[in-house]
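What follows is one structure encoded as structure tokens, with my remarks underneath.
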Amino acid sequence: MTPRWHPSSNFTARRGGAQPSLIVLHYTAMADAQAALDRLCDPASEVSAHYLISRDGRLWQLVDEAMRAWHAGAGDWAGAADVNSRSIGIELDNTGAQPFAEPLMAALEALLPQIMARWAIGPEGVIGHSCMAPGRKQDPGPRFDWARLARQGLARP
């Protein structure tokens with residue numbers, strides 16, 4: 001699956017020579033993918049992600065994987081802060097209140113193995129935003145099907 005390139009200006013270089021060792025999954029909590037795309041590419045918002053997947057399975061790449069997208073915010077994982085410098089961020093077009101659409105899940109299942117192979121990230125490195133910012137974030141939320149990813153070796157149950 002080849003993403004459509006839609007560049008965001010909201011990124012910087014990864015700090016301290018960090019390489020991605022995590023993939024952080026988010027939900028957009030917005031009305032639709034276009035609203036999310038507009039926000040993730042608006043310089044005034046100061047947020048971005050590497051990828052956005054719409055409910056109908058369309059895939060956009062907003063930031064080059066070698067760069068530091070601004071998706072994770074404050075938090076840490078395994079005792080290390082600056083998750084943005086150590087991760088690839090994927091935004092999923094979902095409000096958090098509904099099940100994740102089948103085309104979206106299929107696109108995610110096609111994208112994850114590519115990223116995991118490029119950066120040698122194992123299934124334990126695929127986490128939710130809520131994992132690295134508990135109490136502050138809840139996405140991708142209780143409606144996200146982690147077990148489905150785990151059955152394919154794309155996440156830990």
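Identifiers in this document derive from the order of the structure tokens: chains are assigned A, B, ..., residues are numbered from 1 separately in each chain, and ligands are numbered from 1 in order of occurrence.
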
Neighbour list for range 35-52 of chain A as a PyMOL selection string, cut-off 7 Å, only C-alpha atoms, skip fewer than 4 positions in-chain: chain A and resi 7-10+28+30-31+59-65+69-71+88-92

All helix (DSSP H, G or I) positions in chain A, as a PyMOL selection string: chain A and resi 15-17+33-40+83-86+102-119+123-125+129-132+146-151

From chain A, collect each residue whose DSSP state is strand (DSSP E or B) and return the set as a tab-separated table (two decimals) with all heavy atoms, in the first residue's frame.
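So result13.tsv came out as:
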```tsv
chain	number	residue	atom	x	y	z
A	4	ARG	N	-0.59	8.35	0.05
A	4	ARG	CA	-0.63	9.61	-0.67
A	4	ARG	C	0.17	10.62	0.16
A	4	ARG	O	-0.07	10.77	1.35
A	4	ARG	CB	-2.07	10.07	-0.83
A	4	ARG	CG	-2.22	11.44	-1.49
A	4	ARG	CD	-3.66	11.84	-1.61
A	4	ARG	NE	-4.32	10.90	-2.51
A	4	ARG	CZ	-5.61	10.67	-2.51
A	4	ARG	NH1	-6.41	11.29	-1.67
A	4	ARG	NH2	-6.14	9.82	-3.36
A	5	TRP	N	1.13	11.30	-0.46
A	5	TRP	CA	1.96	12.27	0.24
A	5	TRP	C	1.19	13.56	0.41
A	5	TRP	O	0.68	14.14	-0.56
A	5	TRP	CB	3.25	12.48	-0.54
A	5	TRP	CG	4.19	13.47	0.09
A	5	TRP	CD1	4.56	14.67	-0.42
A	5	TRP	CD2	4.89	13.35	1.34
A	5	TRP	NE1	5.44	15.30	0.43
A	5	TRP	CE2	5.66	14.50	1.52
A	5	TRP	CE3	4.92	12.36	2.33
A	5	TRP	CZ2	6.46	14.71	2.64
A	5	TRP	CZ3	5.71	12.57	3.44
A	5	TRP	CH2	6.48	13.73	3.58
A	11	PHE	N	7.06	19.33	12.07
A	11	PHE	CA	8.03	18.30	12.41
A	11	PHE	C	9.39	18.95	12.63
A	11	PHE	O	9.60	20.10	12.27
A	11	PHE	CB	8.11	17.22	11.33
A	11	PHE	CG	8.70	17.71	10.03
A	11	PHE	CD1	10.07	17.62	9.79
A	11	PHE	CD2	7.90	18.28	9.05
A	11	PHE	CE1	10.62	18.08	8.60
A	11	PHE	CE2	8.44	18.74	7.86
A	11	PHE	CZ	9.80	18.65	7.64
A	12	THR	N	10.28	18.18	13.23
A	12	THR	CA	11.67	18.59	13.42
A	12	THR	C	12.53	17.34	13.25
A	12	THR	O	12.01	16.23	13.06
A	12	THR	CB	11.91	19.17	14.83
A	12	THR	OG1	11.45	18.23	15.81
A	12	THR	CG2	11.22	20.51	15.01
A	13	ALA	N	13.84	17.51	13.37
A	13	ALA	CA	14.74	16.36	13.36
A	13	ALA	C	14.57	15.59	14.66
A	13	ALA	O	14.23	16.17	15.70
A	13	ALA	CB	16.19	16.83	13.22
A	22	LEU	N	9.31	2.62	18.45
A	22	LEU	CA	7.90	2.49	18.81
A	22	LEU	C	7.03	2.95	17.65
A	22	LEU	O	7.44	3.80	16.85
A	22	LEU	CB	7.55	3.39	20.01
A	22	LEU	CG	8.25	3.13	21.33
A	22	LEU	CD1	7.98	4.28	22.30
A	22	LEU	CD2	7.80	1.81	21.92
A	23	ILE	N	5.82	2.43	17.61
A	23	ILE	CA	4.76	2.93	16.75
A	23	ILE	C	3.61	3.27	17.69
A	23	ILE	O	3.15	2.41	18.45
A	23	ILE	CB	4.32	1.90	15.70
A	23	ILE	CG1	5.50	1.53	14.79
A	23	ILE	CG2	3.14	2.43	14.88
A	23	ILE	CD1	5.25	0.33	13.89
A	24	VAL	N	3.18	4.53	17.68
A	24	VAL	CA	2.12	4.99	18.58
A	24	VAL	C	0.84	5.18	17.78
A	24	VAL	O	0.81	5.95	16.81
A	24	VAL	CB	2.52	6.29	19.30
A	24	VAL	CG1	1.40	6.73	20.25
A	24	VAL	CG2	3.83	6.12	20.06
A	25	LEU	N	-0.22	4.48	18.20
A	25	LEU	CA	-1.52	4.57	17.54
A	25	LEU	C	-2.42	5.55	18.29
A	25	LEU	O	-2.49	5.53	19.51
A	25	LEU	CB	-2.18	3.19	17.50
A	25	LEU	CG	-1.38	2.08	16.81
A	25	LEU	CD1	-2.17	0.77	16.83
A	25	LEU	CD2	-1.00	2.47	15.39
A	26	HIS	N	-3.10	6.38	17.50
A	26	HIS	CA	-3.99	7.41	18.02
A	26	HIS	C	-5.34	7.30	17.32
A	26	HIS	O	-5.42	6.78	16.22
A	26	HIS	CB	-3.47	8.81	17.66
A	26	HIS	CG	-2.06	9.08	18.07
A	26	HIS	ND1	-1.75	9.76	19.21
A	26	HIS	CD2	-0.88	8.79	17.46
A	26	HIS	CE1	-0.43	9.88	19.31
A	26	HIS	NE2	0.12	9.30	18.25
A	27	TYR	N	-6.38	7.86	17.92
A	27	TYR	CA	-7.58	8.17	17.14
A	27	TYR	C	-7.66	9.68	17.02
A	27	TYR	O	-7.16	10.42	17.87
A	27	TYR	CB	-8.86	7.57	17.70
A	27	TYR	CG	-9.29	7.94	19.09
A	27	TYR	CD1	-9.53	9.26	19.47
A	27	TYR	CD2	-9.52	6.95	20.02
A	27	TYR	CE1	-9.97	9.58	20.74
A	27	TYR	CE2	-9.97	7.27	21.30
A	27	TYR	CZ	-10.19	8.58	21.64
A	27	TYR	OH	-10.62	8.90	22.90
A	51	TYR	N	1.49	9.32	9.70
A	51	TYR	CA	0.45	8.78	8.83
A	51	TYR	C	-0.93	9.09	9.38
A	51	TYR	O	-1.12	9.22	10.59
A	51	TYR	CB	0.58	7.25	8.72
A	51	TYR	CG	1.86	6.80	8.05
A	51	TYR	CD1	2.96	6.45	8.81
A	51	TYR	CD2	1.96	6.75	6.66
A	51	TYR	CE1	4.14	6.04	8.20
A	51	TYR	CE2	3.14	6.34	6.05
A	51	TYR	CZ	4.22	6.00	6.82
A	51	TYR	OH	5.39	5.61	6.22
A	52	LEU	N	-1.89	9.15	8.45
A	52	LEU	CA	-3.31	9.24	8.77
A	52	LEU	C	-4.03	8.22	7.92
A	52	LEU	O	-3.80	8.14	6.71
A	52	LEU	CB	-3.84	10.65	8.47
A	52	LEU	CG	-5.36	10.84	8.49
A	52	LEU	CD1	-5.94	10.61	9.89
A	52	LEU	CD2	-5.75	12.23	7.97
A	53	ILE	N	-4.89	7.42	8.56
A	53	ILE	CA	-5.70	6.43	7.84
A	53	ILE	C	-7.17	6.80	8.03
A	53	ILE	O	-7.63	6.94	9.17
A	53	ILE	CB	-5.45	5.00	8.33
A	53	ILE	CG1	-3.97	4.64	8.23
A	53	ILE	CG2	-6.31	4.01	7.53
A	53	ILE	CD1	-3.61	3.27	8.82
A	59	LEU	N	-4.93	6.28	2.84
A	59	LEU	CA	-3.72	6.45	3.65
A	59	LEU	C	-2.94	7.65	3.15
A	59	LEU	O	-2.66	7.76	1.95
A	59	LEU	CB	-2.86	5.19	3.56
A	59	LEU	CG	-1.46	5.23	4.16
A	59	LEU	CD1	-1.52	5.42	5.67
A	59	LEU	CD2	-0.70	3.96	3.81
A	60	TRP	N	-2.61	8.54	4.08
A	60	TRP	CA	-1.76	9.69	3.78
A	60	TRP	C	-0.50	9.61	4.62
A	60	TRP	O	-0.55	9.23	5.79
A	60	TRP	CB	-2.45	11.01	4.13
A	60	TRP	CG	-3.63	11.35	3.31
A	60	TRP	CD1	-3.66	12.03	2.12
A	60	TRP	CD2	-5.00	11.06	3.63
A	60	TRP	NE1	-4.95	12.17	1.69
A	60	TRP	CE2	-5.79	11.58	2.60
A	60	TRP	CE3	-5.62	10.40	4.68
A	60	TRP	CZ2	-7.17	11.47	2.58
A	60	TRP	CZ3	-6.99	10.28	4.68
A	60	TRP	CH2	-7.76	10.81	3.63
A	61	GLN	N	0.62	10.01	4.04
A	61	GLN	CA	1.84	10.22	4.80
A	61	GLN	C	2.06	11.72	4.90
A	61	GLN	O	2.08	12.42	3.89
A	61	GLN	CB	3.05	9.55	4.16
A	61	GLN	CG	4.30	9.71	5.02
A	61	GLN	CD	5.47	8.88	4.55
A	61	GLN	OE1	5.41	8.19	3.53
A	61	GLN	NE2	6.55	8.94	5.30
A	67	MET	N	12.00	11.74	10.27
A	67	MET	CA	11.84	12.98	11.03
A	67	MET	C	10.95	12.76	12.25
A	67	MET	O	10.27	11.75	12.38
A	67	MET	CB	11.25	14.07	10.13
A	67	MET	CG	12.09	14.37	8.88
A	67	MET	SD	13.82	14.74	9.24
A	67	MET	CE	13.65	16.40	9.88
A	68	ARG	N	10.93	13.75	13.13
A	68	ARG	CA	10.20	13.71	14.40
A	68	ARG	C	8.85	14.43	14.23
A	68	ARG	O	8.79	15.65	14.24
A	68	ARG	CB	11.05	14.40	15.47
A	68	ARG	CG	10.44	14.46	16.85
A	68	ARG	CD	11.43	15.21	17.78
A	68	ARG	NE	10.94	15.30	19.13
A	68	ARG	CZ	10.20	16.30	19.60
A	68	ARG	NH1	9.88	17.31	18.81
A	68	ARG	NH2	9.78	16.29	20.84
A	69	ALA	N	7.77	13.66	14.07
A	69	ALA	CA	6.42	14.23	14.03
A	69	ALA	C	6.00	14.59	15.45
A	69	ALA	O	6.51	14.04	16.42
A	69	ALA	CB	5.44	13.25	13.41
A	77	TRP	N	7.74	6.09	27.83
A	77	TRP	CA	7.55	4.66	27.63
A	77	TRP	C	8.84	3.97	28.04
A	77	TRP	O	9.93	4.38	27.62
A	77	TRP	CB	7.19	4.34	26.18
A	77	TRP	CG	6.92	2.89	25.98
A	77	TRP	CD1	7.70	1.99	25.32
A	77	TRP	CD2	5.79	2.15	26.46
A	77	TRP	NE1	7.12	0.74	25.36
A	77	TRP	CE2	5.95	0.82	26.07
A	77	TRP	CE3	4.67	2.50	27.21
A	77	TRP	CZ2	5.02	-0.18	26.39
A	77	TRP	CZ3	3.75	1.51	27.53
A	77	TRP	CH2	3.93	0.19	27.10
A	80	ALA	N	11.71	6.17	29.27
A	80	ALA	CA	12.32	7.18	28.39
A	80	ALA	C	11.26	8.19	27.94
A	80	ALA	O	10.17	7.81	27.52
A	80	ALA	CB	12.96	6.52	27.19
A	87	SER	N	9.56	7.44	17.95
A	87	SER	CA	8.38	6.74	17.45
A	87	SER	C	7.91	7.21	16.08
A	87	SER	O	8.28	8.28	15.60
A	87	SER	CB	7.23	6.92	18.45
A	87	SER	OG	6.85	8.27	18.53
A	88	ILE	N	7.04	6.38	15.51
A	88	ILE	CA	6.26	6.69	14.31
A	88	ILE	C	4.83	6.85	14.81
A	88	ILE	O	4.32	5.97	15.52
A	88	ILE	CB	6.33	5.54	13.28
A	88	ILE	CG1	7.76	5.24	12.86
A	88	ILE	CG2	5.42	5.83	12.09
A	88	ILE	CD1	8.44	6.29	12.05
A	89	GLY	N	4.17	7.95	14.45
A	89	GLY	CA	2.79	8.19	14.88
A	89	GLY	C	1.80	7.92	13.77
A	89	GLY	O	2.00	8.38	12.64
A	90	ILE	N	0.76	7.16	14.09
A	90	ILE	CA	-0.30	6.85	13.13
A	90	ILE	C	-1.63	7.31	13.71
A	90	ILE	O	-2.05	6.84	14.77
A	90	ILE	CB	-0.37	5.35	12.81
A	90	ILE	CG1	0.97	4.85	12.27
A	90	ILE	CG2	-1.51	5.07	11.82
A	90	ILE	CD1	1.03	3.34	12.04
A	91	GLU	N	-2.29	8.22	13.02
A	91	GLU	CA	-3.61	8.71	13.41
A	91	GLU	C	-4.68	7.90	12.67
A	91	GLU	O	-4.58	7.70	11.45
A	91	GLU	CB	-3.78	10.20	13.05
A	91	GLU	CG	-2.96	11.13	13.91
A	91	GLU	CD	-3.60	11.41	15.27
A	91	GLU	OE1	-4.77	11.00	15.51
A	91	GLU	OE2	-2.93	12.06	16.09
A	92	LEU	N	-5.67	7.45	13.41
A	92	LEU	CA	-6.77	6.65	12.86
A	92	LEU	C	-8.06	7.46	12.93
A	92	LEU	O	-8.41	7.98	14.00
A	92	LEU	CB	-6.91	5.35	13.67
A	92	LEU	CG	-5.62	4.52	13.78
A	92	LEU	CD1	-5.82	3.35	14.74
A	92	LEU	CD2	-5.15	4.05	12.42
A	126	VAL	N	4.50	-1.66	19.41
A	126	VAL	CA	3.28	-1.05	18.88
A	126	VAL	C	2.38	-0.76	20.08
A	126	VAL	O	1.89	-1.69	20.73
A	126	VAL	CB	2.58	-1.95	17.85
A	126	VAL	CG1	1.30	-1.30	17.33
A	126	VAL	CG2	3.53	-2.28	16.69
A	127	ILE	N	2.21	0.52	20.39
A	127	ILE	CA	1.50	0.92	21.60
A	127	ILE	C	0.43	1.96	21.28
A	127	ILE	O	0.43	2.57	20.22
A	127	ILE	CB	2.47	1.48	22.67
A	127	ILE	CG1	3.12	2.79	22.19
A	127	ILE	CG2	3.53	0.44	23.05
A	127	ILE	CD1	3.93	3.52	23.27
A	128	GLY	N	-0.46	2.15	22.21
A	128	GLY	CA	-1.45	3.21	22.11
A	128	GLY	C	-0.95	4.49	22.75
A	128	GLY	O	-0.04	4.46	23.60
```

Counting only C-alpha atoms, the residue of A:Thr95, A:Thr2, A:Ser130, A:Gln152 that sits nearest Asp76 in chain A: A:Ser130

Nearest to Met116 in chain A by atom-to-atom distance, counting only C-alpha atoms, from A:Gly75, A:Gly153, A:Pro3, A:Gln34: A:Gly153

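Comparing A:Ala117, A:Ala133, A:Ala33, A:Leu111 by their smallest distance to Gly79 in chain A, the closest is A:Ala133 (using only C-alpha atoms).
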
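For the pair CA of Ala120 in chain A and CA of Glu102 in chain A, the separation is 26.5 Å.
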
Selected residue, from A:Ala155, A:Trp119, A:Glu124, A:Gln138, that lies nearest to Ala97 in chain A when counting only C-alpha atoms: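 Checking each candidate against Ala97 in chain A, we get A:Gln138 as the closest.
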
Long-range neighbours of Arg86 in chain A as a PyMOL selection string, 8 Å cut-off, only C-alpha atoms, 2 positions minimum in chain: chain A and resi 14+18-22+82-84+88

Serialized selection, N, CA, C and O atoms, as a PDB file, in the first residue's frame:
```pdb
ATOM      1  N   ARG A  14      14.789  14.304  14.611  1.00  0.00           N
ATOM      2  CA  ARG A  14      14.770  13.488  15.828  1.00  0.00           C
ATOM      3  C   ARG A  14      15.933  13.922  16.713  1.00  0.00           C
ATOM      4  O   ARG A  14      17.030  14.164  16.225  1.00  0.00           O
ATOM      5  N   ALA A  18      18.148   9.772  17.796  1.00  0.00           N
ATOM      6  CA  ALA A  18      17.186   8.702  18.075  1.00  0.00           C
ATOM      7  C   ALA A  18      16.630   8.112  16.786  1.00  0.00           C
ATOM      8  O   ALA A  18      16.478   8.810  15.779  1.00  0.00           O
ATOM      9  N   GLN A  19      16.345   6.829  16.844  1.00  0.00           N
ATOM     10  CA  GLN A  19      15.695   6.108  15.750  1.00  0.00           C
ATOM     11  C   GLN A  19      14.364   5.573  16.261  1.00  0.00           C
ATOM     12  O   GLN A  19      14.238   5.293  17.455  1.00  0.00           O
ATOM     13  N   PRO A  20      13.393   5.397  15.398  1.00  0.00           N
ATOM     14  CA  PRO A  20      12.107   4.861  15.862  1.00  0.00           C
ATOM     15  C   PRO A  20      12.255   3.451  16.441  1.00  0.00           C
ATOM     16  O   PRO A  20      12.844   2.566  15.823  1.00  0.00           O
ATOM     17  N   SER A  21      11.713   3.283  17.636  1.00  0.00           N
ATOM     18  CA  SER A  21      11.636   1.972  18.265  1.00  0.00           C
ATOM     19  C   SER A  21      10.204   1.672  18.704  1.00  0.00           C
ATOM     20  O   SER A  21       9.938   0.612  19.261  1.00  0.00           O
ATOM     21  N   LEU A  22       9.311   2.618  18.454  1.00  0.00           N
ATOM     22  CA  LEU A  22       7.899   2.493  18.809  1.00  0.00           C
ATOM     23  C   LEU A  22       7.026   2.953  17.647  1.00  0.00           C
ATOM     24  O   LEU A  22       7.441   3.796  16.848  1.00  0.00           O
ATOM     25  N   ASP A  82      10.454  11.926  25.639  1.00  0.00           N
ATOM     26  CA  ASP A  82      10.554  12.340  24.236  1.00  0.00           C
ATOM     27  C   ASP A  82      10.179  11.189  23.301  1.00  0.00           C
ATOM     28  O   ASP A  82      10.949  10.763  22.453  1.00  0.00           O
ATOM     29  N   VAL A  83       8.978  10.692  23.499  1.00  0.00           N
ATOM     30  CA  VAL A  83       8.469   9.603  22.667  1.00  0.00           C
ATOM     31  C   VAL A  83       8.437  10.012  21.201  1.00  0.00           C
ATOM     32  O   VAL A  83       8.656   9.181  20.312  1.00  0.00           O
ATOM     33  N   ASN A  84       8.199  11.304  20.916  1.00  0.00           N
ATOM     34  CA  ASN A  84       8.182  11.744  19.524  1.00  0.00           C
ATOM     35  C   ASN A  84       9.479  11.409  18.794  1.00  0.00           C
ATOM     36  O   ASN A  84       9.456  11.044  17.613  1.00  0.00           O
ATOM     37  N   ILE A  88       7.045   6.383  15.512  1.00  0.00           N
ATOM     38  CA  ILE A  88       6.263   6.691  14.315  1.00  0.00           C
ATOM     39  C   ILE A  88       4.828   6.850  14.810  1.00  0.00           C
ATOM     40  O   ILE A  88       4.317   5.975  15.522  1.00  0.00           O
TER      41      ILE A  88
END
```
